[in-house]
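What follows is one structure encoded as structure tokens, with my remarks underneath.
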Amino acid sequence: MTSLVSAVRSQVFGLLARRFAGGNGPYAGLAMLPDKLLWPLHRDGLDPVAEMARRRDREPVSRLPLPLGMRGWLITGFEPVREVLGSLDGYSNDFGKFAGRVGINVTQDPGGLGFADPPVHTRLRKALTPEFTMRRLTRLQPRIEAIVQGRLDEMVGKTDVDLWNDYALPVPALTICELLGVPYEDREYFQKLSTARFDLADGAGASLDAVGESLTYLGGLIERQRREPGDGLLGSLIRTHGNDIDDRELAGLADGVLTGGLETSASMIALGALALMTDDGLRARLADNLDDTVEELLRYMTVVQVAFPRVAIRDHKVGGCDIRAGDIVICSLSGADRDPSAAGAEPDRLDPARPMKRSHLAFGYGIHRCIGAELARMELRIAYPRLFERFPDMRLAVPARELTYRRASIVFGLDALPVTINEGAGPR
Ligand code: HEM
């Protein structure tokens, strides 16, 4: 997600959480606010919490309680979410505007696509788009196959494996390193940063530190590649746009690709593998039904739970509610993707054959729609079938109820996925 897509998103929410959490000074009385603000990031197992459906049914556009006289909205219905994300003149993603509204210093702008408006957004996105064409991705496909097979080879002969650490994380990490031209030796460092920036469960401090660290790390890499551009996306951006994109913008773009494409795809690989492992019918139909299964898993999990915050730039109505210029609007993608008006009957059931009324919003919608969507799909369409072709008897090594999920992370996911890969044994 942004150059900082991820960074940005995490930073903004982190800053919001810190700002509203109180602790010192004038905000001390607001210590209870984070939960009120963060509940759309909580889940009950794989499902959004029950409040999400209640809210969507009764008030798909509802007030989000923000302090200090700020007006905030939480949008949980599919149509209004799509309307906000698709609006070309109603909202701004610009970090400066947002920061101004919530009292954040604009120097903390993490850069990247997700917090930029046209024409800056248009210029930066245009620079990145050629790196994500189908032609480029088709060239990457054999590399992803090789990365997946390499990870599976490493697992052969083991009995107990943490599928999160040994498969779900390294597959997108290696892919992104290859795409971007970032040294894989540094993966543990940036994987940690990528997880930390999204996770607000223990407050915003770690999230903010992770964003800063990531930018510093990428800044060093850019400095080296300015002297000697590498073969990856970073080197290609420097060769083609070296004079019109500055180092800070480059770091923002790289950070968005690095962290936006890592935690998201890793979570999807792990959660999808979990669903396939625990549902014999789903797994049995995977080979014949690959594309629909991947799309349904994307909808059902909607791991990017909320879109970037938008600031309304004019008075207007959404879902019958009066949105005023300056209001902060948070779109719940996980809420929208369980809306029966788009997903059809029984939206909380995982069913690749469901007749969808509208396409899901797991990759967002509008000008900020995920630039890496086709890459992510390619990774998932390779990662799921190869895993079960190699280890058809893979089982959870612990009862499903003992798995631990991220408590309040913008990118929903698992902390670990312990599995048994030898024949038989292990609870489902
Ligand atoms: C399953 C995996 C993924 C999911 C679910 C996902 C989801 C999203 C969503 C929902 C947005 C839009 C946010 C908004 O409008 O506020 C987004 C934007 C973005 N994503 Fe992804 N993403 C995934 C994989 C990737 C990958 C693999 C990359 C890059 C390699 C990537 C890079 C980006 C970037 C750069 C943006 C910002 C686009 C812009 O603002 O113009 N994402 N992603």
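Every chain in the structure tokens takes a letter, A first, then B, and so on in the order presented; its residues are numbered from 1, and the ligands are numbered from 1 following the presented order.
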Around ligand 1, out to 6 Å and counting only C-alpha atoms and all ligand atoms, which residues are there? I want them as a ChimeraX atom specification. /A:1-3,5,113-114,256-257,260-261,264-265,268,303-304,307-308,362-364,367-373,375-376
What residues in range 154-249 of chain A get the DSSP label strand (DSSP E or B)? Please answer as a list in words. Asp160, Val161, Asp162 and Asp199 of chain A
Test item: residues at most 10 Å from Ala342 in chain A, only C-alpha atoms, excluding those fewer than 6 positions along its chain, as a VMD selection string: chain A and resid 77 to 79 336 355 to 361
Hey, can you check how far CA of Leu403 in chain A sits from CA of Pro418 in chain A?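 We find that CA of Leu403 in chain A and CA of Pro418 in chain A lie 8.4 Å from each other.
Taking only C-alpha atoms into account, Ser236 in chain A lies nearest to A:Leu250 out of the set A:Leu250, A:Met394, A:Leu37, A:Val318.
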Range 185-414 of chain A: residues DSSP assigns to alpha helix (DSSP H), reported as a ChimeraX atom specification: /A:187-198,205-227,233-241,247-260,263-277,280-284,290-301,333-336,340-343,373-390
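Here CA of Gly157 in chain A is placed at a distance of 24.9 Å from CA of Leu286 in chain A.
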Of the candidates A:Ile75, A:Leu262, A:Val120, A:Val84, which shows the shortest atom-to-atom distance to Ile313 in chain A, using only C-alpha atoms?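 Closest candidate: A:Val84.
Proximity of A:Gly96, A:Pro340, A:Gly366, A:Gly272 to Leu163 in chain A, computed with only C-alpha atoms, is greatest for A:Gly272.
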Quick one: everything within 12 Å of range 139-154 of chain A, counting only C-alpha atoms, minus sequence neighbours fewer than 3 positions away in the same chain. Send it as a VMD selection string. chain A and resid 131 to 136 157 to 159 161 163 to 180 232 269 374 to 391 421
Would you please work out which residue, of A:Ala343, A:Leu298, A:Ile330, A:Ala254, is nearest to Gly111 in chain A when using only C-alpha atoms? A:Ala254
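Closest approach to Leu38 in chain A from the set A:Ile238, A:Val306, A:Leu128, A:Pro118 is made by A:Val306, with distances taken over only C-alpha atoms.
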Between A:Arg197, A:His42, A:His241, A:Arg338, which residue has the minimum interatomic distance to Lys126 in chain A, considering only C-alpha atoms?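 Of the candidates, the smallest distance to Lys126 in chain A is held by A:His241.
By chain and then residue number, the residues within 12 Å of Ala50 in chain A are Trp39, Pro40, His42, Arg43, Asp44, Gly45, Leu46, Arg54, Arg55, Arg56, Asp57, Gly335, Arg338 and Asp348 of chain A, counting only C-alpha atoms and disregarding those fewer than 4 positions away in sequence.
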Spatial neighbours of Ala275 in chain A, max dist 12 Å, only C-alpha atoms, sep filter under 2 positions, as a ChimeraX atom specification: /A:45-46,268-273,277-283,286,293-294,296-298,300-301,349-351,384,395-396,400,417,428
Name all residues at most 8 Å from Gln225 in chain A (count only C-alpha atoms; drop same-chain ones fewer than 4 positions away) and give them as a PyMOL selection string. chain A and resi 221+229-230+234-235+238
Any chance you can output those residues with C-alpha atoms as a PDB file, in the first residue's frame?
ATOM      1  CA  LEU A 221      19.199   1.924  -0.072  1.00  0.00           C
ATOM      2  CA  PRO A 229      20.929   1.674  -9.872  1.00  0.00           C
ATOM      3  CA  GLY A 230      20.011  -1.993  -9.409  1.00  0.00           C
ATOM      4  CA  LEU A 234      13.874   0.967  -7.338  1.00  0.00           C
ATOM      5  CA  GLY A 235      16.733   1.038  -9.849  1.00  0.00           C
ATOM      6  CA  ILE A 238      15.857   5.976 -10.500  1.00  0.00           C
TER       7      ILE A 238
END
